[in-house]
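So this one's entry-v3.tsv, TSV, N, CA and C atoms:
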```tsv
chain	number	residue	atom	x	y	z
A	1275	MET	N	-38.85	2.09	37.89
A	1275	MET	CA	-38.53	3.22	38.74
A	1275	MET	C	-39.33	3.16	40.04
A	1276	PHE	N	-39.00	4.04	40.94
A	1276	PHE	CA	-39.65	4.12	42.24
A	1276	PHE	C	-41.10	4.55	42.07
A	1277	ASN	N	-42.01	3.79	42.65
A	1277	ASN	CA	-43.43	4.12	42.59
A	1277	ASN	C	-43.92	4.32	44.03
A	1278	PRO	N	-44.27	5.55	44.41
A	1278	PRO	CA	-44.68	5.82	45.79
A	1278	PRO	C	-46.00	5.15	46.18
A	1279	ASP	N	-46.77	4.68	45.20
A	1279	ASP	CA	-48.06	4.06	45.51
A	1279	ASP	C	-47.94	2.56	45.82
A	1280	GLU	N	-46.81	1.95	45.52
A	1280	GLU	CA	-46.64	0.52	45.78
A	1280	GLU	C	-46.19	0.30	47.22
A	1281	PRO	N	-46.61	-0.81	47.83
A	1281	PRO	CA	-46.17	-1.11	49.20
A	1281	PRO	C	-44.66	-1.38	49.22
A	1282	LYS	N	-44.01	-1.02	50.33
A	1282	LYS	CA	-42.56	-1.16	50.46
A	1282	LYS	C	-42.22	-2.28	51.45
A	1283	PHE	N	-41.17	-3.00	51.14
A	1283	PHE	CA	-40.65	-4.04	52.03
A	1283	PHE	C	-39.17	-4.21	51.72
A	1284	THR	N	-38.33	-4.11	52.74
A	1284	THR	CA	-36.90	-4.26	52.56
A	1284	THR	C	-36.40	-5.35	53.50
A	1285	LYS	N	-35.64	-6.26	52.96
A	1285	LYS	CA	-35.12	-7.36	53.77
A	1285	LYS	C	-33.85	-7.87	53.12
A	1286	GLY	N	-32.91	-8.25	53.91
A	1286	GLY	CA	-31.67	-8.83	53.41
A	1286	GLY	C	-31.37	-10.12	54.16
A	1287	ILE	N	-30.54	-10.93	53.59
A	1287	ILE	CA	-30.18	-12.19	54.22
A	1287	ILE	C	-28.77	-12.58	53.79
A	1288	ILE	N	-28.06	-13.25	54.66
A	1288	ILE	CA	-26.75	-13.79	54.33
A	1288	ILE	C	-26.89	-15.30	54.22
A	1289	CYS	N	-26.51	-15.83	53.08
A	1289	CYS	CA	-26.55	-17.27	52.83
A	1289	CYS	C	-25.11	-17.77	52.81
A	1290	GLU	N	-24.68	-18.33	53.91
A	1290	GLU	CA	-23.30	-18.80	54.00
A	1290	GLU	C	-23.19	-20.20	53.43
A	1291	LEU	N	-22.23	-20.39	52.55
A	1291	LEU	CA	-22.00	-21.69	51.95
A	1291	LEU	C	-21.15	-22.56	52.89
A	1292	PRO	N	-21.31	-23.87	52.83
A	1292	PRO	CA	-20.58	-24.73	53.77
A	1292	PRO	C	-19.08	-24.79	53.52
A	1293	TYR	N	-18.66	-24.44	52.31
A	1293	TYR	CA	-17.24	-24.45	51.95
A	1293	TYR	C	-17.05	-23.54	50.74
A	1294	PRO	N	-15.83	-23.05	50.52
A	1294	PRO	CA	-15.59	-22.21	49.34
A	1294	PRO	C	-15.87	-23.00	48.06
A	1295	THR	N	-16.54	-22.38	47.11
A	1295	THR	CA	-16.89	-23.08	45.88
A	1295	THR	C	-17.05	-22.12	44.72
A	1296	ASP	N	-16.84	-22.63	43.51
A	1296	ASP	CA	-17.15	-21.88	42.30
A	1296	ASP	C	-18.24	-22.63	41.52
A	1297	ASP	N	-18.94	-23.50	42.19
A	1297	ASP	CA	-20.01	-24.30	41.59
A	1297	ASP	C	-21.27	-23.45	41.47
A	1298	THR	N	-21.61	-23.07	40.24
A	1298	THR	CA	-22.77	-22.22	39.99
A	1298	THR	C	-24.04	-22.85	40.54
A	1299	ARG	N	-24.14	-24.17	40.47
A	1299	ARG	CA	-25.35	-24.85	40.95
A	1299	ARG	C	-25.53	-24.66	42.45
A	1300	LEU	N	-24.46	-24.76	43.21
A	1300	LEU	CA	-24.54	-24.60	44.66
A	1300	LEU	C	-24.85	-23.15	45.04
A	1301	ILE	N	-24.24	-22.20	44.32
A	1301	ILE	CA	-24.50	-20.78	44.60
A	1301	ILE	C	-25.95	-20.43	44.27
A	1302	THR	N	-26.46	-20.92	43.13
A	1302	THR	CA	-27.85	-20.67	42.74
A	1302	THR	C	-28.82	-21.28	43.74
A	1303	LYS	N	-28.51	-22.47	44.22
A	1303	LYS	CA	-29.38	-23.15	45.20
A	1303	LYS	C	-29.43	-22.35	46.51
A	1304	ALA	N	-28.27	-21.85	46.95
A	1304	ALA	CA	-28.24	-21.06	48.19
A	1304	ALA	C	-28.99	-19.74	48.03
A	1305	ALA	N	-28.83	-19.09	46.87
A	1305	ALA	CA	-29.53	-17.82	46.63
A	1305	ALA	C	-31.05	-18.04	46.58
A	1306	SER	N	-31.48	-19.11	45.93
A	1306	SER	CA	-32.92	-19.42	45.86
A	1306	SER	C	-33.50	-19.70	47.24
A	1307	ALA	N	-32.74	-20.44	48.06
A	1307	ALA	CA	-33.20	-20.73	49.43
A	1307	ALA	C	-33.30	-19.44	50.24
A	1308	GLY	N	-32.36	-18.53	50.04
A	1308	GLY	CA	-32.41	-17.24	50.73
A	1308	GLY	C	-33.62	-16.41	50.32
A	1309	LEU	N	-33.93	-16.41	49.02
A	1309	LEU	CA	-35.11	-15.67	48.55
A	1309	LEU	C	-36.39	-16.26	49.11
A	1310	GLU	N	-36.44	-17.58	49.24
A	1310	GLU	CA	-37.62	-18.22	49.83
A	1310	GLU	C	-37.83	-17.74	51.27
A	1311	LEU	N	-36.74	-17.53	52.00
A	1311	LEU	CA	-36.83	-17.12	53.40
A	1311	LEU	C	-37.33	-15.68	53.56
A	1312	ILE	N	-36.98	-14.80	52.63
A	1312	ILE	CA	-37.35	-13.39	52.79
A	1312	ILE	C	-38.54	-12.96	51.93
A	1313	PHE	N	-39.07	-13.85	51.11
A	1313	PHE	CA	-40.18	-13.50	50.23
A	1313	PHE	C	-41.43	-13.15	51.04
A	1314	ARG	N	-42.11	-12.10	50.61
A	1314	ARG	CA	-43.39	-11.71	51.19
A	1314	ARG	C	-44.36	-11.47	50.04
A	1315	ALA	N	-45.50	-12.11	50.07
A	1315	ALA	CA	-46.51	-11.95	49.02
A	1315	ALA	C	-46.97	-10.49	48.97
A	1316	GLY	N	-47.21	-9.99	47.77
A	1316	GLY	CA	-47.69	-8.63	47.59
A	1316	GLY	C	-46.60	-7.60	47.37
A	1317	PHE	N	-45.35	-8.03	47.44
A	1317	PHE	CA	-44.23	-7.12	47.23
A	1317	PHE	C	-43.39	-7.62	46.05
A	1318	ALA	N	-43.01	-6.71	45.17
A	1318	ALA	CA	-42.16	-7.08	44.03
A	1318	ALA	C	-40.70	-6.87	44.41
A	1319	PHE	N	-39.82	-7.76	43.94
A	1319	PHE	CA	-38.39	-7.57	44.15
A	1319	PHE	C	-37.90	-6.54	43.15
A	1320	SER	N	-37.12	-5.57	43.61
A	1320	SER	CA	-36.58	-4.58	42.68
A	1320	SER	C	-35.12	-4.86	42.37
A	1321	LYS	N	-34.41	-5.53	43.28
A	1321	LYS	CA	-33.04	-5.88	42.98
A	1321	LYS	C	-32.58	-6.97	43.95
A	1322	ALA	N	-31.57	-7.65	43.53
A	1322	ALA	CA	-30.91	-8.64	44.36
A	1322	ALA	C	-29.43	-8.53	44.09
A	1323	GLU	N	-28.63	-8.77	45.10
A	1323	GLU	CA	-27.20	-8.71	44.90
A	1323	GLU	C	-26.53	-9.86	45.62
A	1324	ILE	N	-25.43	-10.28	45.08
A	1324	ILE	CA	-24.65	-11.34	45.70
A	1324	ILE	C	-23.28	-10.76	45.98
A	1325	LEU	N	-22.87	-10.83	47.23
A	1325	LEU	CA	-21.55	-10.36	47.63
A	1325	LEU	C	-20.66	-11.58	47.85
A	1326	LEU	N	-19.48	-11.53	47.31
A	1326	LEU	CA	-18.53	-12.62	47.46
A	1326	LEU	C	-17.58	-12.27	48.60
A	1327	LEU	N	-17.67	-13.00	49.69
A	1327	LEU	CA	-16.87	-12.74	50.87
A	1327	LEU	C	-15.92	-13.90	51.13
A	1328	ASP	N	-14.82	-13.60	51.79
A	1328	ASP	CA	-13.86	-14.63	52.19
A	1328	ASP	C	-13.38	-15.45	50.99
A	1329	LEU	N	-12.98	-14.76	49.92
A	1329	LEU	CA	-12.52	-15.43	48.71
A	1329	LEU	C	-11.19	-16.12	48.96
A	1330	ARG	N	-11.00	-17.27	48.33
A	1330	ARG	CA	-9.77	-18.04	48.52
A	1330	ARG	C	-9.33	-18.66	47.20
A	1331	GLN	N	-8.05	-18.94	47.11
A	1331	GLN	CA	-7.51	-19.69	45.99
A	1331	GLN	C	-7.81	-21.18	46.22
A	1332	ARG	N	-7.81	-21.94	45.15
A	1332	ARG	CA	-8.00	-23.38	45.30
A	1332	ARG	C	-6.88	-23.94	46.18
A	1333	GLY	N	-7.25	-24.84	47.07
A	1333	GLY	CA	-6.26	-25.47	47.94
A	1333	GLY	C	-6.00	-24.73	49.23
A	1334	GLU	N	-6.58	-23.54	49.44
A	1334	GLU	CA	-6.36	-22.77	50.67
A	1334	GLU	C	-7.34	-23.15	51.77
A	1335	PHE	N	-8.29	-24.00	51.47
A	1335	PHE	CA	-9.34	-24.34	52.43
A	1335	PHE	C	-9.05	-25.69	53.06
A	1336	THR	N	-9.10	-25.75	54.38
A	1336	THR	CA	-8.94	-27.01	55.10
A	1336	THR	C	-10.32	-27.54	55.43
A	1337	ASP	N	-10.59	-28.77	55.01
A	1337	ASP	CA	-11.91	-29.36	55.26
A	1337	ASP	C	-12.21	-29.43	56.74
A	1338	ASP	N	-13.49	-29.33	57.06
A	1338	ASP	CA	-13.99	-29.43	58.43
A	1338	ASP	C	-14.58	-30.81	58.60
A	1339	LEU	N	-14.24	-31.47	59.67
A	1339	LEU	CA	-14.70	-32.84	59.91
A	1339	LEU	C	-16.21	-32.92	60.03
A	1340	PHE	N	-16.87	-31.84	60.48
A	1340	PHE	CA	-18.31	-31.88	60.76
A	1340	PHE	C	-19.16	-31.18	59.70
A	1341	VAL	N	-18.58	-30.75	58.60
A	1341	VAL	CA	-19.30	-30.03	57.56
A	1341	VAL	C	-19.16	-30.78	56.24
A	1342	ALA	N	-20.18	-30.64	55.41
A	1342	ALA	CA	-20.14	-31.27	54.09
A	1342	ALA	C	-18.91	-30.78	53.32
A	1343	THR	N	-18.35	-31.65	52.51
A	1343	THR	CA	-17.18	-31.28	51.72
A	1343	THR	C	-17.54	-31.23	50.24
A	1344	PRO	N	-16.77	-30.49	49.46
A	1344	PRO	CA	-17.09	-30.40	48.03
A	1344	PRO	C	-17.00	-31.77	47.36
A	1345	GLN	N	-17.92	-32.01	46.45
A	1345	GLN	CA	-17.90	-33.27	45.72
A	1345	GLN	C	-16.91	-33.16	44.58
A	1346	MET	N	-16.13	-34.19	44.38
A	1346	MET	CA	-15.14	-34.19	43.31
A	1346	MET	C	-15.82	-34.13	41.95
A	1347	ALA	N	-17.00	-34.74	41.83
A	1347	ALA	CA	-17.71	-34.74	40.54
A	1347	ALA	C	-18.19	-33.33	40.17
A	1348	ALA	N	-18.43	-32.47	41.17
A	1348	ALA	CA	-18.91	-31.12	40.91
A	1348	ALA	C	-17.90	-30.34	40.08
A	1349	GLU	N	-16.63	-30.52	40.34
A	1349	GLU	CA	-15.60	-29.81	39.58
A	1349	GLU	C	-15.60	-30.25	38.12
A	1350	ARG	N	-15.79	-31.53	37.88
A	1350	ARG	CA	-15.85	-32.04	36.50
A	1350	ARG	C	-17.09	-31.52	35.79
A	1351	VAL	N	-18.24	-31.52	36.49
A	1351	VAL	CA	-19.49	-31.04	35.88
A	1351	VAL	C	-19.36	-29.57	35.51
A	1352	MET	N	-18.82	-28.76	36.40
A	1352	MET	CA	-18.66	-27.33	36.10
A	1352	MET	C	-17.64	-27.12	34.98
A	1353	GLY	N	-16.62	-27.97	34.91
A	1353	GLY	CA	-15.65	-27.88	33.82
A	1353	GLY	C	-16.30	-28.14	32.47
A	1354	VAL	N	-17.18	-29.15	32.42
A	1354	VAL	CA	-17.90	-29.45	31.18
A	1354	VAL	C	-18.83	-28.29	30.82
A	1355	MET	N	-19.53	-27.75	31.82
A	1355	MET	CA	-20.44	-26.62	31.58
A	1355	MET	C	-19.67	-25.41	31.04
A	1356	ASP	N	-18.51	-25.12	31.63
A	1356	ASP	CA	-17.69	-23.99	31.17
A	1356	ASP	C	-17.16	-24.23	29.76
A	1357	ALA	N	-16.77	-25.47	29.45
A	1357	ALA	CA	-16.26	-25.78	28.11
A	1357	ALA	C	-17.35	-25.61	27.05
A	1358	ILE	N	-18.56	-26.06	27.36
A	1358	ILE	CA	-19.68	-25.91	26.42
A	1358	ILE	C	-19.98	-24.43	26.19
A	1359	ASN	N	-20.01	-23.65	27.27
A	1359	ASN	CA	-20.29	-22.21	27.13
A	1359	ASN	C	-19.16	-21.49	26.40
A	1360	ALA	N	-17.92	-21.94	26.58
A	1360	ALA	CA	-16.80	-21.32	25.87
A	1360	ALA	C	-16.89	-21.61	24.37
A	1361	ARG	N	-17.31	-22.81	24.02
A	1361	ARG	CA	-17.37	-23.18	22.60
A	1361	ARG	C	-18.61	-22.63	21.90
A	1362	TRP	N	-19.77	-22.70	22.54
A	1362	TRP	CA	-21.03	-22.37	21.89
A	1362	TRP	C	-21.60	-21.02	22.30
A	1363	GLY	N	-20.95	-20.33	23.22
A	1363	GLY	CA	-21.40	-18.99	23.62
A	1363	GLY	C	-21.94	-18.98	25.04
A	1364	ARG	N	-21.75	-17.84	25.67
A	1364	ARG	CA	-22.18	-17.65	27.05
A	1364	ARG	C	-23.68	-17.89	27.18
A	1365	GLY	N	-24.08	-18.64	28.19
A	1365	GLY	CA	-25.49	-18.90	28.44
A	1365	GLY	C	-26.06	-20.07	27.67
A	1366	THR	N	-25.22	-20.76	26.87
A	1366	THR	CA	-25.72	-21.93	26.14
A	1366	THR	C	-26.19	-22.99	27.13
A	1367	MET	N	-25.42	-23.20	28.18
A	1367	MET	CA	-25.79	-24.16	29.22
A	1367	MET	C	-25.80	-23.40	30.54
A	1368	ARG	N	-26.89	-23.54	31.27
A	1368	ARG	CA	-27.04	-22.83	32.54
A	1368	ARG	C	-27.90	-23.66	33.48
A	1369	PRO	N	-27.89	-23.32	34.78
A	1369	PRO	CA	-28.76	-24.05	35.72
A	1369	PRO	C	-30.22	-23.91	35.31
A	1370	ALA	N	-31.02	-24.91	35.61
A	1370	ALA	CA	-32.43	-24.92	35.20
A	1370	ALA	C	-33.23	-23.77	35.80
A	1371	GLY	N	-32.81	-23.25	36.93
A	1371	GLY	CA	-33.53	-22.15	37.56
A	1371	GLY	C	-33.34	-20.81	36.88
A	1372	VAL	N	-32.42	-20.73	35.92
A	1372	VAL	CA	-32.15	-19.48	35.22
A	1372	VAL	C	-32.86	-19.53	33.88
A	1373	PRO	N	-33.86	-18.66	33.65
A	1373	PRO	CA	-34.61	-18.71	32.39
A	1373	PRO	C	-33.75	-18.30	31.20
A	1374	ALA	N	-34.04	-18.90	30.03
A	1374	ALA	CA	-33.31	-18.57	28.81
A	1374	ALA	C	-33.59	-17.13	28.39
A	1375	LYS	N	-34.85	-16.73	28.45
A	1375	LYS	CA	-35.24	-15.36	28.10
A	1375	LYS	C	-36.14	-14.83	29.22
A	1376	PRO	N	-35.54	-14.22	30.24
A	1376	PRO	CA	-36.35	-13.73	31.35
A	1376	PRO	C	-37.31	-12.62	30.91
A	1377	ASP	N	-38.42	-12.49	31.62
A	1377	ASP	CA	-39.39	-11.44	31.28
A	1377	ASP	C	-39.02	-10.10	31.90
A	1378	TRP	N	-37.87	-10.03	32.54
A	1378	TRP	CA	-37.38	-8.78	33.09
A	1378	TRP	C	-36.06	-8.45	32.41
A	1379	GLY	N	-35.63	-7.23	32.56
A	1379	GLY	CA	-34.35	-6.83	31.98
A	1379	GLY	C	-33.75	-5.67	32.75
A	1380	MET	N	-32.47	-5.49	32.55
A	1380	MET	CA	-31.78	-4.40	33.21
A	1380	MET	C	-32.28	-3.07	32.65
A	1381	ARG	N	-32.47	-2.10	33.53
A	1381	ARG	CA	-32.86	-0.77	33.08
A	1381	ARG	C	-31.64	-0.10	32.47
A	1382	ARG	N	-31.77	0.39	31.25
A	1382	ARG	CA	-30.63	0.94	30.53
A	1382	ARG	C	-30.78	2.42	30.18
A	1383	GLU	N	-31.86	3.05	30.61
A	1383	GLU	CA	-32.05	4.44	30.21
A	1383	GLU	C	-31.03	5.39	30.83
A	1384	MET	N	-30.41	5.01	31.94
A	1384	MET	CA	-29.41	5.86	32.59
A	1384	MET	C	-27.99	5.29	32.45
A	1385	MET	N	-27.80	4.34	31.55
A	1385	MET	CA	-26.50	3.70	31.39
A	1385	MET	C	-25.50	4.68	30.79
A	1386	SER	N	-24.30	4.70	31.33
A	1386	SER	CA	-23.28	5.61	30.82
A	1386	SER	C	-22.64	5.01	29.56
A	1387	PRO	N	-22.11	5.87	28.68
A	1387	PRO	CA	-21.46	5.39	27.46
A	1387	PRO	C	-20.21	4.57	27.79
A	1388	SER	N	-19.82	3.73	26.86
A	1388	SER	CA	-18.65	2.86	27.03
A	1388	SER	C	-17.50	3.35	26.16
A	1389	TYR	N	-17.06	4.58	26.38
A	1389	TYR	CA	-16.03	5.18	25.54
A	1389	TYR	C	-14.73	4.39	25.55
A	1390	THR	N	-14.41	3.76	26.66
A	1390	THR	CA	-13.11	3.09	26.78
A	1390	THR	C	-13.14	1.64	26.31
A	1391	THR	N	-14.32	1.10	26.05
A	1391	THR	CA	-14.40	-0.32	25.68
A	1391	THR	C	-15.10	-0.59	24.36
A	1392	ARG	N	-15.76	0.42	23.77
A	1392	ARG	CA	-16.47	0.22	22.50
A	1392	ARG	C	-16.08	1.31	21.53
A	1393	ILE	N	-15.46	0.90	20.46
A	1393	ILE	CA	-14.97	1.87	19.48
A	1393	ILE	C	-16.10	2.65	18.82
A	1394	ASP	N	-17.28	2.04	18.69
A	1394	ASP	CA	-18.41	2.74	18.05
A	1394	ASP	C	-18.98	3.86	18.93
A	1395	GLN	N	-18.54	3.94	20.19
A	1395	GLN	CA	-19.04	4.99	21.08
A	1395	GLN	C	-17.99	6.09	21.32
A	1396	LEU	N	-16.88	6.04	20.61
A	1396	LEU	CA	-15.88	7.09	20.74
A	1396	LEU	C	-16.42	8.39	20.15
A	1397	TRP	N	-16.01	9.51	20.73
A	1397	TRP	CA	-16.40	10.81	20.21
A	1397	TRP	C	-15.66	11.07	18.90
A	1398	THR	N	-16.31	11.75	18.00
A	1398	THR	CA	-15.69	12.15	16.74
A	1398	THR	C	-15.52	13.66	16.74
A	1399	VAL	N	-14.29	14.10	16.51
A	1399	VAL	CA	-14.00	15.52	16.47
A	1399	VAL	C	-13.83	15.92	15.02
A	1400	THR	N	-14.58	16.93	14.58
A	1400	THR	CA	-14.51	17.37	13.19
A	1400	THR	C	-14.04	18.80	13.07
```

Full structure transcribed into structure tokens:
Amino acid sequence: MFNPDEPKFTKGIICELPYPTDDTRLITKAASAGLELIFRAGFAFSKAEILLLDLRQRGEFTDDLFVATPQMAAERVMGVMDAINARWGRGTMRPAGVPAKPDWGMRREMMSPSYTTRIDQLWTVT
């Protein structure tokens, strides 16, 4: 929660990717580079968000002669990663920068009930 005694620092950054991609490794690398640019010692991060802008379907992007292009092997690697996670469970395989059991967690004390998606949270009328 908000602590008025802690020092405050607010900063945002836009990390533009060189081409449209669904490669988790490239997105994680760009996000990490952005955090390196805005990090200030003595301040704790309270949240981070990623906004997806200029979304496109596959094949809608025309390559730029002067910009890096997506690697064909990246699509195969991500396909293998997705197949492993589909078979063995979400998070079985992930980028090395993502910890298996992070020491932080989402705050859930104000989470709203899931009446429409979890049968065990439906109201019972007697």

**Item:** Proximity to Glu1280 of chain A - best of A:Leu1327, A:Ala1318, A:Gly1333, A:Glu1383, only N, CA and C atoms
**Value:**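 When distances to Glu1280 of chain A are compared using only N, CA and C atoms, the smallest one comes from A:Ala1318.
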
Listing only residues of segment 1275-1307 of chain A within 8 Å of segment 1355-1371 of chain A, what is the closest atom pair and its distance in Å (to one decimal) for each, using all atoms listed in the file, sorted by chain and residue number ascending, as a tab-separated table?
```
residue	atom	partner	partner_atom	distance
A:Thr1298	C	A:Pro1369	CA	6.9
A:Arg1299	CA	A:Pro1369	CA	6.3
A:Thr1302	C	A:Gly1371	CA	7.8
```

**Prompt:** Quick one: distance from atom CA of Leu1325 of chain A to atom CA of Leu1309 of chain A in Å, one decimal?
**Reply:** 14.6 Å

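With only C-alpha atoms as the atoms that count, the minimum distance from Ala1315 of chain A to the choices A:Lys1375, A:Lys1282, A:Arg1350, A:Arg1382 is reached by A:Lys1282.
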
**Request:** Just give me the gap between atom C of Phe1317 of chain A and atom C of Phe1283 of chain A in Å, one decimal is fine.
**Result:** 7.8 Å

Take every atom of segment 1355-1364 of chain A listed in the file, fit an axis-aligned box around them, add 8 Å per side, and give the centre and edge lengths in Å to one decimal as JSON.
```
{"center_x": -20.0, "center_y": -22.7, "center_z": 26.9, "size_x": 23.4, "size_y": 26.1, "size_z": 25.9}
```

**Asked** Smallest atom-to-atom distance to Gly1286 of chain A: which of A:Leu1396, A:Ile1312, A:Ala1347, A:Met1352, using only N, CA and C atoms?
**Response**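 Checking each candidate against Gly1286 of chain A, we get A:Ile1312 as the closest.
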
**Request:** Can you work out the spacing between atom C of Asp1377 of chain A and atom CA of Phe1319 of chain A in Å, to one decimal?
**Result:** 12.5 Å

**Request:** Please identify which residues in chain A DSSP calls helix (DSSP H, G or I) from the backbone, and express them as a ChimeraX atom specification.
**Result:** /A:1298-1312,1346-1362,1393-1395

**Message:** Which residues are close to Cys1289 of chain A, i.e. within 12 Å by only C-alpha atoms, leaving aside same-chain residues fewer than 2 positions away? Reply as number ranges by chain.
**Reply:** A: 1286-1287, 1291-1293, 1300-1312, 1323-1327
